[in-house]
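Student: File input-v2.cif below, mmCIF, C-alpha atoms:
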data_query
loop_
_atom_site.label_atom_id
_atom_site.label_comp_id
_atom_site.auth_asym_id
_atom_site.auth_seq_id
_atom_site.Cartn_x
_atom_site.Cartn_y
_atom_site.Cartn_z
CA MET A 1 -168.46 9.39 98.02
CA GLN A 2 -170.10 12.76 98.61
CA THR A 3 -173.55 12.62 100.23
CA ASN A 4 -176.34 15.17 100.50
CA PHE A 5 -178.49 14.11 103.43
CA SER A 6 -180.31 16.86 105.34
CA GLU A 7 -179.80 17.31 109.08
CA LYS A 8 -183.34 16.10 109.61
CA GLN A 9 -182.67 12.92 107.62
CA LEU A 10 -179.54 12.22 109.64
CA GLN A 11 -181.56 12.27 112.85
CA ASP A 12 -182.78 8.84 111.75
CA GLU A 13 -180.30 6.26 113.05
CA HIS A 14 -180.57 4.11 109.90
CA ASN A 15 -179.88 7.05 107.58
CA LYS A 16 -177.01 8.17 109.78
CA SER A 17 -175.42 4.72 109.66
CA SER A 18 -175.94 4.34 105.90
CA GLU A 19 -174.53 7.82 105.25
CA LYS A 20 -171.27 6.84 106.98
CA ILE A 21 -171.09 3.68 104.87
CA LEU A 22 -171.75 5.58 101.64
CA ARG A 23 -169.01 8.11 102.40
CA LYS A 24 -166.43 5.30 102.51
CA CYS A 25 -167.11 4.27 98.91
CA VAL A 26 -164.51 5.71 96.49
CA HIS A 27 -166.10 4.42 93.24
CA CYS A 28 -163.03 2.25 92.55
CA GLY A 29 -165.08 -0.61 91.11
CA MET A 30 -162.97 -3.40 92.59
CA CYS A 31 -166.17 -4.91 93.99
CA ILE A 32 -167.50 -5.42 90.46
CA ALA A 33 -164.83 -8.02 89.66
CA THR A 34 -166.00 -10.37 92.42
CA CYS A 35 -169.77 -9.76 92.23
CA PRO A 36 -171.54 -12.94 91.02
CA THR A 37 -174.59 -11.15 89.64
CA PHE A 38 -172.56 -8.59 87.68
CA ASN A 39 -170.40 -11.37 86.24
CA LEU A 40 -173.54 -13.13 85.06
CA LEU A 41 -175.70 -10.21 83.94
CA GLY A 42 -173.13 -7.56 82.98
CA ASP A 43 -175.35 -4.73 84.25
CA GLU A 44 -173.69 -2.05 86.38
CA LEU A 45 -176.88 -1.80 88.44
CA ASP A 46 -176.47 -5.48 89.33
CA SER A 47 -173.09 -4.74 90.89
CA PRO A 48 -172.41 -3.41 94.41
CA ARG A 49 -171.32 -0.04 93.04
CA GLY A 50 -174.44 0.27 90.92
CA ARG A 51 -176.71 -0.71 93.78
CA ILE A 52 -174.95 1.80 96.04
CA TYR A 53 -175.86 4.58 93.58
CA LEU A 54 -179.50 3.45 93.57
CA ILE A 55 -179.61 3.22 97.37
CA LYS A 56 -177.93 6.61 97.83
CA GLU A 57 -180.42 8.35 95.55
CA MET A 58 -183.39 6.57 97.15
CA PHE A 59 -182.41 7.58 100.68
CA GLU A 60 -181.20 11.10 99.92
CA LYS A 61 -184.38 11.98 98.03
CA ASN A 62 -186.47 10.11 100.60
CA LYS A 63 -188.44 8.44 97.85
CA PRO A 64 -190.27 5.12 97.87
CA ALA A 65 -188.69 2.23 96.02
CA ASN A 66 -189.92 1.57 92.51
CA GLU A 67 -189.85 -1.53 90.33
CA LYS A 68 -186.37 -0.77 88.99
CA ILE A 69 -184.84 -0.32 92.45
CA ALA A 70 -186.63 -3.38 93.85
CA THR A 71 -185.46 -5.53 90.93
CA HIS A 72 -181.77 -4.72 91.37
CA ILE A 73 -181.87 -4.88 95.18
CA ASP A 74 -183.69 -8.23 95.02
CA ARG A 75 -181.04 -9.63 92.68
CA CYS A 76 -178.33 -9.03 95.28
CA LEU A 77 -177.28 -12.32 96.91
CA SER A 78 -176.01 -10.62 100.08
CA CYS A 79 -172.97 -12.87 99.59
CA CYS A 80 -170.71 -10.04 100.83
CA SER A 81 -167.94 -10.98 98.40
CA CYS A 82 -167.67 -7.27 97.66
CA MET A 83 -166.82 -6.60 101.31
CA THR A 84 -163.86 -8.96 101.12
CA THR A 85 -162.65 -7.19 97.98
CA CYS A 86 -163.34 -3.57 98.98
CA PRO A 87 -160.12 -1.68 99.90
CA SER A 88 -162.09 1.10 101.63
CA GLY A 89 -163.98 -1.03 104.16
CA VAL A 90 -167.49 -0.28 102.85
CA ASN A 91 -169.95 -2.28 104.98
CA TYR A 92 -172.22 -3.19 102.10
CA MET A 93 -174.05 -5.78 104.21
CA HIS A 94 -175.55 -3.17 106.53
CA LEU A 95 -176.34 -0.89 103.61
CA ILE A 96 -178.22 -3.54 101.62
CA ASP A 97 -180.12 -4.60 104.77
CA HIS A 98 -181.32 -1.02 105.22
CA ALA A 99 -182.30 -0.88 101.55
CA ARG A 100 -184.28 -4.14 101.75
CA ASN A 101 -186.26 -2.84 104.71
CA HIS A 102 -187.08 0.35 102.78
CA VAL A 103 -188.13 -1.59 99.67
CA GLU A 104 -190.40 -3.84 101.72
CA LYS A 105 -192.09 -0.87 103.38
CA THR A 106 -192.50 1.37 100.34
CA PHE A 107 -192.91 -0.86 97.27
CA LYS A 108 -195.97 -2.96 96.48
CA ARG A 109 -194.77 -6.12 94.79
CA PRO A 110 -196.80 -8.15 92.28
CA PHE A 111 -199.32 -10.49 93.92
CA LEU A 112 -197.44 -13.75 93.26
CA ASP A 113 -194.19 -12.32 94.62
CA ARG A 114 -195.96 -11.08 97.77
CA MET A 115 -197.63 -14.47 98.24
CA ILE A 116 -194.37 -16.45 97.93
CA ARG A 117 -192.53 -14.12 100.31
CA THR A 118 -195.37 -14.42 102.82
CA LEU A 119 -195.29 -18.22 102.54
CA LEU A 120 -191.52 -18.33 103.07
CA SER A 121 -191.79 -15.96 106.03
CA ASN A 122 -194.45 -18.05 107.73
CA ILE A 123 -193.24 -21.57 106.93
CA ILE A 124 -189.45 -21.84 106.97
CA PRO A 125 -188.68 -20.22 110.37
CA LYS A 126 -191.19 -22.51 112.13
CA PRO A 127 -189.82 -26.07 112.29
CA MET A 128 -193.09 -27.92 112.91
CA ILE A 129 -194.90 -26.13 110.09
CA PHE A 130 -191.88 -26.54 107.82
CA LYS A 131 -191.72 -30.27 108.60
CA PHE A 132 -195.41 -30.70 107.74
CA VAL A 133 -194.94 -28.84 104.44
CA VAL A 134 -191.90 -31.00 103.53
CA ILE A 135 -193.91 -34.18 104.22
CA MET A 136 -196.84 -32.95 102.13
CA SER A 137 -194.63 -31.70 99.29
CA LYS A 138 -193.92 -35.23 98.03
CA PHE A 139 -197.60 -35.54 97.10
CA VAL A 140 -197.45 -32.27 95.17
CA LYS A 141 -194.15 -32.83 93.32
CA PRO A 142 -195.72 -34.80 90.43
CA PHE A 143 -197.68 -31.66 89.54
CA LYS A 144 -194.85 -29.16 89.85
CA PHE A 145 -194.77 -28.64 86.07
CA LEU A 146 -198.08 -26.80 86.47
CA MET A 147 -196.66 -24.32 88.98
CA PRO A 148 -194.87 -20.97 88.71
CA ILE A 149 -191.07 -21.20 88.59
CA ASN A 150 -190.65 -20.02 92.20
CA LEU A 151 -192.92 -22.72 93.66
CA LYS A 152 -191.35 -25.26 91.32
CA SER A 153 -187.91 -24.35 92.68
CA MET A 154 -189.20 -24.65 96.24
CA LEU A 155 -190.41 -28.20 95.52
CA GLU A 156 -187.15 -29.17 93.82
CA LEU A 157 -185.20 -28.15 96.93
CA SER A 158 -187.54 -30.01 99.27
CA PRO A 159 -186.07 -33.39 100.37
CA ASN A 160 -187.93 -36.58 99.43
CA LYS A 161 -187.80 -37.82 103.01
CA ILE A 162 -186.95 -36.53 106.44
CA PRO A 163 -184.01 -38.31 108.11
CA LYS A 164 -184.57 -39.95 111.46
CA ARG A 165 -182.73 -38.75 114.54
CA THR A 166 -180.08 -41.09 115.88
CA LEU A 167 -179.46 -39.07 119.04
CA LYS A 168 -182.24 -38.58 121.56
CA PHE A 169 -183.25 -34.94 121.72
CA GLN A 170 -182.82 -33.32 125.11
CA ASN A 171 -182.21 -29.86 126.55
CA LEU A 172 -178.89 -30.75 128.18
CA TYR A 173 -176.11 -33.01 126.94
CA ARG A 174 -173.58 -33.80 129.63
CA VAL A 175 -169.93 -34.58 129.02
CA GLU A 176 -168.32 -37.99 129.08
CA ARG A 177 -165.98 -36.86 131.86
CA LYS A 178 -167.08 -35.75 135.32
CA LYS A 179 -166.26 -32.05 135.09
CA PRO A 180 -166.94 -30.10 131.86
CA THR A 181 -164.27 -27.79 130.52
CA ALA A 182 -166.84 -25.44 128.99
CA ARG A 183 -170.59 -24.91 128.63
CA VAL A 184 -172.18 -23.81 125.36
CA ALA A 185 -175.61 -23.23 123.84
CA LEU A 186 -176.18 -24.78 120.41
CA LEU A 187 -178.39 -23.01 117.88
CA ILE A 188 -180.18 -26.01 116.38
CA GLY A 189 -181.82 -24.01 113.59
CA CYS A 190 -185.16 -24.16 111.82
CA VAL A 191 -184.53 -25.89 108.47
CA GLN A 192 -181.48 -27.81 109.62
CA ARG A 193 -183.11 -29.53 112.58
CA VAL A 194 -185.76 -30.90 110.18
CA VAL A 195 -183.86 -31.90 107.02
CA SER A 196 -180.39 -32.64 108.44
CA PRO A 197 -180.58 -33.51 112.15
CA GLN A 198 -177.27 -35.39 111.81
CA ILE A 199 -175.42 -32.06 111.67
CA ASN A 200 -176.56 -31.09 115.17
CA GLU A 201 -175.97 -34.64 116.38
CA SER A 202 -172.39 -34.63 115.08
CA THR A 203 -171.78 -31.26 116.72
CA ILE A 204 -173.12 -32.47 120.07
CA ARG A 205 -171.06 -35.68 119.96
CA ILE A 206 -167.82 -33.82 119.20
CA LEU A 207 -168.40 -31.25 121.95
CA THR A 208 -169.39 -33.70 124.69
CA ARG A 209 -166.62 -36.11 123.65
CA HIS A 210 -164.13 -33.31 124.26
CA GLY A 211 -165.50 -32.16 127.59
CA VAL A 212 -167.98 -29.44 126.55
CA GLU A 213 -171.48 -29.43 128.05
CA VAL A 214 -174.17 -28.54 125.51
CA ILE A 215 -177.59 -27.02 126.05
CA THR A 216 -180.25 -26.64 123.37
CA MET A 217 -183.25 -24.35 123.52
CA PRO A 218 -186.21 -25.57 121.42
CA GLU A 219 -187.86 -22.20 122.11
CA ILE A 220 -185.29 -20.61 119.77
CA GLU A 221 -186.73 -21.77 116.46
CA CYS A 222 -184.93 -19.47 114.04
CA CYS A 223 -182.09 -16.95 114.16
CA GLY A 224 -184.28 -14.45 112.28
CA SER A 225 -182.09 -14.14 109.20
CA LEU A 226 -184.78 -15.23 106.76
CA ASN A 227 -187.15 -12.37 107.60
CA HIS A 228 -184.18 -10.05 108.04
CA HIS A 229 -183.08 -10.61 104.43
CA LEU A 230 -186.65 -10.45 103.16
CA GLY A 231 -186.78 -6.89 104.52
CA LYS A 232 -189.41 -7.81 107.10
CA GLU A 233 -187.77 -5.75 109.81
CA ASP A 234 -190.47 -5.97 112.49
CA LEU A 235 -190.75 -9.77 112.29
CA ALA A 236 -186.97 -10.19 112.25
CA HIS A 237 -186.43 -7.91 115.25
CA LYS A 238 -189.15 -9.72 117.19
CA THR A 239 -187.23 -12.97 116.67
CA PHE A 240 -183.91 -11.31 117.50
CA LYS A 241 -185.24 -9.98 120.81
CA LYS A 242 -186.77 -13.31 121.77
CA ASN A 243 -183.48 -15.12 121.13
CA ILE A 244 -181.42 -12.50 122.94
CA ASN A 245 -183.63 -12.73 126.03
CA PHE A 246 -183.45 -16.54 126.18
CA TRP A 247 -179.68 -16.72 125.70
CA TYR A 248 -178.88 -13.79 127.95
CA GLU A 249 -180.99 -15.21 130.77
CA GLU A 250 -179.15 -18.53 130.44
CA TYR A 251 -175.82 -16.70 130.37
CA LEU A 252 -176.63 -14.86 133.62
CA LYS A 253 -178.27 -17.80 135.38
CA ASN A 254 -176.00 -20.74 134.52
CA GLY A 255 -173.14 -19.28 132.49
CA LEU A 256 -172.25 -19.74 128.82
CA ASP A 257 -168.79 -19.84 127.31
CA ALA A 258 -170.16 -19.60 123.78
CA ILE A 259 -173.22 -19.80 121.55
CA ILE A 260 -172.41 -22.29 118.80
CA SER A 261 -173.75 -21.98 115.27
CA ASN A 262 -173.14 -24.79 112.80
CA THR A 263 -174.95 -22.94 110.00
CA SER A 264 -172.80 -20.08 108.78
CA GLY A 265 -175.75 -18.03 107.51
CA CYS A 266 -177.30 -18.09 110.98
CA GLY A 267 -174.00 -17.34 112.67
CA THR A 268 -173.46 -14.25 110.52
CA THR A 269 -176.85 -12.87 111.55
CA VAL A 270 -176.49 -13.61 115.27
CA LYS A 271 -173.05 -12.01 115.28
CA ASP A 272 -174.76 -8.90 113.92
CA TYR A 273 -177.36 -8.60 116.72
CA GLY A 274 -175.08 -6.12 118.48
CA PHE A 275 -175.11 -3.79 115.48
CA VAL A 276 -178.86 -4.09 114.97
CA PHE A 277 -179.60 -2.97 118.55
CA ARG A 278 -176.65 -0.60 118.93
CA ASN A 279 -178.99 2.32 119.76
CA ASP A 280 -181.63 0.40 121.70
CA PRO A 281 -181.22 1.19 125.43
CA GLN A 282 -183.08 -1.98 126.47
CA PHE A 283 -181.25 -4.45 124.22
CA LYS A 284 -177.91 -2.79 123.43
CA LYS A 285 -175.92 -4.45 126.21
CA LYS A 286 -177.59 -7.84 125.90
CA ALA A 287 -177.34 -7.95 122.09
CA LYS A 288 -173.68 -7.01 122.17
CA LYS A 289 -172.94 -9.82 124.61
CA ILE A 290 -174.83 -12.40 122.55
CA SER A 291 -172.93 -11.37 119.42
CA GLU A 292 -169.62 -11.64 121.28
CA LEU A 293 -170.50 -15.11 122.56
CA THR A 294 -171.47 -16.45 119.12
CA LYS A 295 -168.95 -18.67 117.37
CA ASP A 296 -169.07 -20.79 114.27
CA VAL A 297 -168.59 -24.40 115.31
CA THR A 298 -165.21 -24.68 113.49
CA GLU A 299 -164.12 -21.36 114.99
CA PHE A 300 -164.87 -22.71 118.48
CA PHE A 301 -163.05 -25.97 117.77
CA ASP A 302 -160.01 -24.11 116.49
CA GLU A 303 -159.82 -21.66 119.40
CA ASN A 304 -160.93 -23.79 122.35
CA LEU A 305 -160.54 -27.52 121.74
CA LYS A 306 -157.68 -29.87 121.07
CA LEU A 307 -159.56 -32.40 118.99
CA ASN A 308 -158.54 -36.01 119.32
CA PHE A 309 -158.30 -37.21 115.71
CA LYS A 310 -158.05 -40.99 115.48
CA LYS A 311 -156.59 -43.09 112.70
CA GLU A 312 -158.72 -46.25 112.84
CA GLU A 313 -159.08 -49.36 110.72
CA ARG A 314 -162.35 -48.07 109.30
CA HIS A 315 -160.54 -45.04 107.83
CA THR A 316 -158.96 -47.10 105.08
CA LYS A 317 -159.71 -44.80 102.16
CA LYS A 318 -158.03 -41.45 101.64
CA TYR A 319 -160.62 -39.07 100.19
CA ASN A 320 -160.17 -36.10 97.91
CA ILE A 321 -162.43 -33.55 99.61
CA ALA A 322 -163.50 -30.33 97.91
CA TYR A 323 -164.07 -27.68 100.57
CA HIS A 324 -166.82 -25.21 99.63
CA SER A 325 -166.39 -22.06 101.71
CA ALA A 326 -169.90 -20.66 102.16
CA CYS A 327 -170.21 -16.92 101.44
CA SER A 328 -171.60 -16.25 104.91
CA MET A 329 -168.55 -18.03 106.32
CA GLN A 330 -165.67 -16.57 104.29
CA HIS A 331 -167.13 -13.13 103.55
CA GLY A 332 -169.69 -12.64 106.32
CA GLN A 333 -167.70 -14.00 109.28
CA LYS A 334 -164.19 -13.93 107.76
CA ILE A 335 -163.70 -17.60 108.65
CA HIS A 336 -161.93 -19.62 105.97
CA ASN A 337 -158.74 -21.33 107.12
CA GLN A 338 -160.11 -22.83 110.36
CA PRO A 339 -162.39 -25.45 108.77
CA ILE A 340 -159.78 -26.27 106.13
CA ASN A 341 -157.09 -26.82 108.78
CA LEU A 342 -159.45 -29.03 110.78
CA LEU A 343 -160.29 -31.11 107.71
CA LYS A 344 -156.58 -31.54 106.93
CA LYS A 345 -156.15 -33.19 110.33
CA THR A 346 -158.39 -36.04 109.14
CA GLY A 347 -155.53 -37.13 106.86
CA ASN A 348 -157.51 -36.61 103.66
CA ASN A 349 -156.59 -34.44 100.67
CA ILE A 350 -158.39 -31.09 100.93
CA LEU A 351 -158.91 -29.42 97.56
CA ASN A 352 -159.61 -25.77 96.78
CA ILE A 353 -162.51 -25.15 94.41
CA PRO A 354 -161.61 -22.79 91.52
CA ASP A 355 -163.29 -19.38 91.94
CA GLY A 356 -164.27 -20.51 95.43
CA HIS A 357 -165.13 -16.94 96.43
CA LEU A 358 -168.22 -17.01 94.19
CA CYS A 359 -171.67 -17.94 95.53
CA CYS A 360 -173.36 -21.25 94.75
CA GLY A 361 -176.72 -19.48 94.39
CA SER A 362 -178.34 -20.64 97.62
CA ALA A 363 -178.16 -17.39 99.63
CA GLY A 364 -181.02 -18.10 102.03
CA THR A 365 -184.20 -18.03 99.96
CA TYR A 366 -182.50 -16.60 96.86
CA ASN A 367 -182.72 -19.91 94.98
CA ILE A 368 -186.50 -19.73 95.40
CA LEU A 369 -187.02 -16.01 94.76
CA GLN A 370 -184.45 -15.73 91.94
CA PRO A 371 -184.36 -19.29 90.55
CA LYS A 372 -182.98 -18.48 87.08
CA ILE A 373 -179.91 -16.67 88.40
CA ALA A 374 -179.48 -19.24 91.20
CA LYS A 375 -179.43 -22.10 88.69
CA GLN A 376 -176.78 -20.35 86.59
CA LEU A 377 -174.63 -19.86 89.69
CA LEU A 378 -175.16 -23.49 90.68
CA LYS A 379 -174.08 -24.63 87.22
CA GLN A 380 -170.89 -22.56 87.52
CA LYS A 381 -170.18 -23.93 90.99
CA VAL A 382 -170.67 -27.56 89.93
CA GLU A 383 -168.49 -27.07 86.84
CA ASN A 384 -165.71 -25.68 89.05
CA ILE A 385 -166.10 -28.58 91.49
CA ASN A 386 -165.92 -31.10 88.65
CA LYS A 387 -162.59 -29.61 87.51
CA ILE A 388 -160.85 -30.95 90.62
CA LYS A 389 -162.67 -34.34 90.58
CA PRO A 390 -163.34 -34.78 94.31
CA ASP A 391 -164.73 -37.87 96.02
CA LEU A 392 -166.94 -35.70 98.20
CA ILE A 393 -167.70 -32.09 99.10
CA SER A 394 -167.59 -30.49 102.54
CA THR A 395 -169.14 -27.20 103.63
CA GLY A 396 -170.48 -25.45 106.73
CA ASN A 397 -173.92 -24.24 105.67
CA ILE A 398 -177.16 -26.21 105.22
CA GLY A 399 -178.36 -23.90 102.44
CA CYS A 400 -175.24 -24.60 100.37
CA ILE A 401 -175.59 -28.33 101.02
CA MET A 402 -179.17 -28.38 99.70
CA GLN A 403 -178.32 -26.17 96.72
CA ILE A 404 -175.18 -28.00 95.57
CA ALA A 405 -176.76 -31.42 96.13
CA ASN A 406 -179.42 -30.34 93.64
CA GLY A 407 -176.76 -30.01 90.93
CA THR A 408 -174.39 -32.94 91.40
CA ASP A 409 -174.27 -36.60 92.44
CA ILE A 410 -171.01 -36.08 94.33
CA PRO A 411 -171.80 -36.64 98.05
CA ILE A 412 -171.85 -33.43 100.09
CA VAL A 413 -171.60 -33.36 103.88
CA HIS A 414 -171.27 -30.80 106.63
CA THR A 415 -167.72 -30.29 107.87
CA VAL A 416 -168.66 -31.37 111.41
CA GLU A 417 -169.91 -34.74 110.12
CA LEU A 418 -166.40 -35.51 108.88
CA ILE A 419 -164.73 -34.19 112.03
CA ASP A 420 -167.12 -36.32 114.10
CA TRP A 421 -166.25 -39.42 112.08
CA TYR A 422 -162.52 -38.88 112.46
CA THR A 423 -162.74 -38.20 116.20
CA GLY A 424 -164.69 -41.34 117.09
CA GLY A 425 -168.20 -40.78 115.74
CA PRO A 426 -170.17 -42.69 113.10
CA LYS A 427 -169.48 -42.53 109.39
CA PRO A 428 -171.73 -39.98 107.63
CA GLN A 429 -174.80 -41.77 106.30
CA ILE A 430 -174.37 -40.40 102.78
CA LEU A 431 -170.93 -42.07 102.56
CA SER A 432 -172.16 -45.47 103.80
#
Would you write the structure of this file as structure tokens?

Tutor:
Amino acid sequence: MQTNFSEKQLQDEHNKSSEKILRKCVHCGMCIATCPTFNLLGDELDSPRGRIYLIKEMFEKNKPANEKIATHIDRCLSCCSCMTTCPSGVNYMHLIDHARNHVEKTFKRPFLDRMIRTLLSNIIPKPMIFKFVVIMSKFVKPFKFLMPINLKSMLELSPNKIPKRTLKFQNLYRVERKKPTARVALLIGCVQRVVSPQINESTIRILTRHGVEVITMPEIECCGSLNHHLGKEDLAHKTFKKNINFWYEEYLKNGLDAIISNTSGCGTTVKDYGFVFRNDPQFKKKAKKISELTKDVTEFFDENLKLNFKKEERHTKKYNIAYHSACSMQHGQKIHNQPINLLKKTGNNILNIPDGHLCCGSAGTYNILQPKIAKQLLKQKVENINKIKPDLISTGNIGCIMQIANGTDIPIVHTVELIDWYTGGPKPQILS
């Protein structure tokens, strides 16, 4: 694609990066075939290629975003399916991130939209505040019919109760053997630690059972992806820098073999810290190291551990398990076969979901900000799941778990919960 940026514009590092991305696009349109929003809406401007045209014009002419641009940028899921399809290697993820930041800085949204985005930005990344809001939401749910669709969707996604921890929280989890084979930091997350603590507990049990020492850092509340995808660049970068400093200090002081993420959306963002601070002299080296250390939990299992799967009396039933490959996992991190291969070792039947490359509609806060489109995508996903008639669903992202559970009665669990169960841990509560 030909670009027309001025020399002055290209002095800006963001413009320079986006210009290189734009030049790789050859207008082939292959991305359109796998774009969930284009498939639903049929509008070229709701496809990656259409959004690229809008973004190119906005940046080249150095103009503020308007309602039309904001609408089509906001409708993007950031699922990155187009990046998997693109034959030219267009890094659409970095381009859309730049566009979101520009929209946030230059476009004044309607009051209700601004209010909801501010609420999300100030509640979800802070576990204690988020927990309080979840507890209080059950008293508000009876009146949700009076609320705008966005707040109604937020309440529908909120769990009716918060699960109790079964594993005592501590900063260091030692191994069952005397000498650990590795030492890792676990990103315990903001939403996940509140609504699904069993995911972190399963991860810790598997790691320590197989000789890996685990540290957790309560100071790291959020990976920063929520504000990053809301276009709130300053808030996101503040979180990124805080996390980088904590992890890098631990890496230098006590050593880390990996930073483990068991939420694929978070892992995709942390792996991108190096790109975000590529031109920052203070954080460039540290951010690059943190990104290199970050591994999805199934990626770490596959590369570093020989898991001890056990066939026990309690594993009497052979399940048909539908594996949902989260967009941030298969498209963002290019991890797809590792979790499937691990699940196959449990001895169960692992089923592929038809059109599994398409998003379920969760996409961070998308199901709150774009509830109509998200519900259509959820309906499609559930229909495709029902075609293969599974006993349960497995996935590696808390957002997908909450979204899909809102559309089906089929039990859905995190992949590590099943791996934990088949390597000596407890049976997932939802299956009991």

Student: What are the closest atom pairs, with distances in Å to one decimal, for all residues of region 276-299 of chain A lying within 6 Å of region 246-267 of chain A? Consider all atoms listed in the file, order rows by chain and residue number, and present the result as a tab-separated table.

Tutor:
residue	atom	partner	partner_atom	distance
A:Leu293	CA	A:Ala258	CA	4.7
A:Thr294	CA	A:Ile259	CA	4.5
A:Lys295	CA	A:Ile260	CA	5.2
A:Asp296	CA	A:Ser261	CA	4.9
A:Val297	CA	A:Asn262	CA	5.2

Student: Can you spell out as a ChimeraX atom specification the set of residues that the PyMOL selection byres ((chain A and resi 162-178) around 7) selects in the structure I just provided?

Tutor: /A:159,161,179-180,194-198,201,208-209,211-217

Student: Extract, using only C-alpha atoms, all DNA, RNA and protein residues at most 8 Å from Ile199 (chain A), discarding same-chain residues fewer than 3 positions from it, and format them as number ranges by chain.

Tutor: A: 192, 196, 202-203, 262, 414, 416-417

Student: How close does each residue of region 132-212 of chain A get to region 299-313 of chain A, giving the shortest atom pair and distance in Å to one decimal for every residue with an atom at most 9 Å away, counting all atoms listed in the file, sorted by chain and residue number, as a Markdown table?

Tutor:
| residue | atom | partner | partner_atom | distance |
| --- | --- | --- | --- | --- |
| A:Ile206 | CA | A:Leu307 | CA | 8.4 |
| A:Leu207 | CA | A:Phe301 | CA | 8.6 |
| A:His210 | CA | A:Leu307 | CA | 7.0 |
| A:Gly211 | CA | A:Leu305 | CA | 9.0 |

Student: Could you please determine the separation between CA of Asn15 (chain A) and CA of Thr3 (chain A) in Å, to one decimal place?

Tutor: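 We find that CA of Asn15 (chain A) and CA of Thr3 (chain A) lie 11.2 Å from each other.
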
Student: As an exercise, work out the distance from CA of Thr269 (chain A) to CA of Ile69 (chain A) in Å and give it to one decimal place.

Tutor: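 Computed distance, CA of Thr269 (chain A) to CA of Ile69 (chain A), equals 24.2 Å.
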
Student: Any chance you could resolve the PyMOL selection byres ((chain A and resi 273) around 8) against this file and give the residues as a list in words?

Tutor: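 Taken over the shown coordinates, the PyMOL selection byres ((chain A and resi 273) around 8) returns Phe240, Thr269, Val270, Lys271, Asp272, Gly274, Phe275, Val276, Phe277, Ala287, Lys288, Ile290 and Ser291 of chain A.
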
Student: Which residues would end up in the selection if the PyMOL selection byres ((chain A and resi 329) around 10) were applied here, given that I need the answer as a list in words?

Tutor: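 With the shown file as input, the PyMOL selection byres ((chain A and resi 329) around 10) matches Cys79, Cys80, Thr263, Ser264, Gly265, Cys266, Gly267, Thr268, Asp296, His324, Ser325, Ala326, Cys327, Ser328, Gln330, His331, Gly332, Gln333, Lys334, Ile335, His336, Pro339, Thr395, Gly396 and Asn397 of chain A.
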
Student: Let me make sure I understand: among A:Phe132, A:Phe38, A:Phe145, A:Phe5, which one has the smallest atom-to-atom distance to Ser81 (chain A) if we use only C-alpha atoms?

Tutor: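 Ranked by minimum distance to Ser81 (chain A), first place goes to A:Phe38.
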
Student: Record the distance separating CA of Ile21 (chain A) and CA of Leu95 (chain A), expressed in Å with one decimal.

Tutor: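 Computed distance, CA of Ile21 (chain A) to CA of Leu95 (chain A), equals 7.1 Å.
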
Student: Given only C-alpha atoms as the basis, pick out the residue of A:Ile398, A:Met1, A:Ala65, A:Leu40 nearest to Lys24 (chain A).

Tutor: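 When distances to Lys24 (chain A) are compared using only C-alpha atoms, the smallest one comes from A:Met1.
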
Student: Compile the contact shell of Glu156 (chain A) as a list of chain:residue names: residues with an atom at most 8 Å away, counting all atoms listed in the file, same-chain residues fewer than 3 positions apart removed.

Tutor: A:Lys141, A:Lys152, A:Ser153, A:Pro159, A:Asn406

Student: Do you know which residues are at most 9 Å from Met83 (chain A) counting only C-alpha atoms, after dropping those on the same chain fewer than 4 positions away, and could you put them as a PyMOL selection string?

Tutor: chain A and resi 31+79+87+89-93+331-332

Student: Pick from A:Cys359, A:Ile419, A:Val413, A:Leu54: nearest to Leu343 (chain A), with all atoms listed in the file counted?

Tutor: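 For Leu343 (chain A), the nearest of the candidates is A:Ile419.
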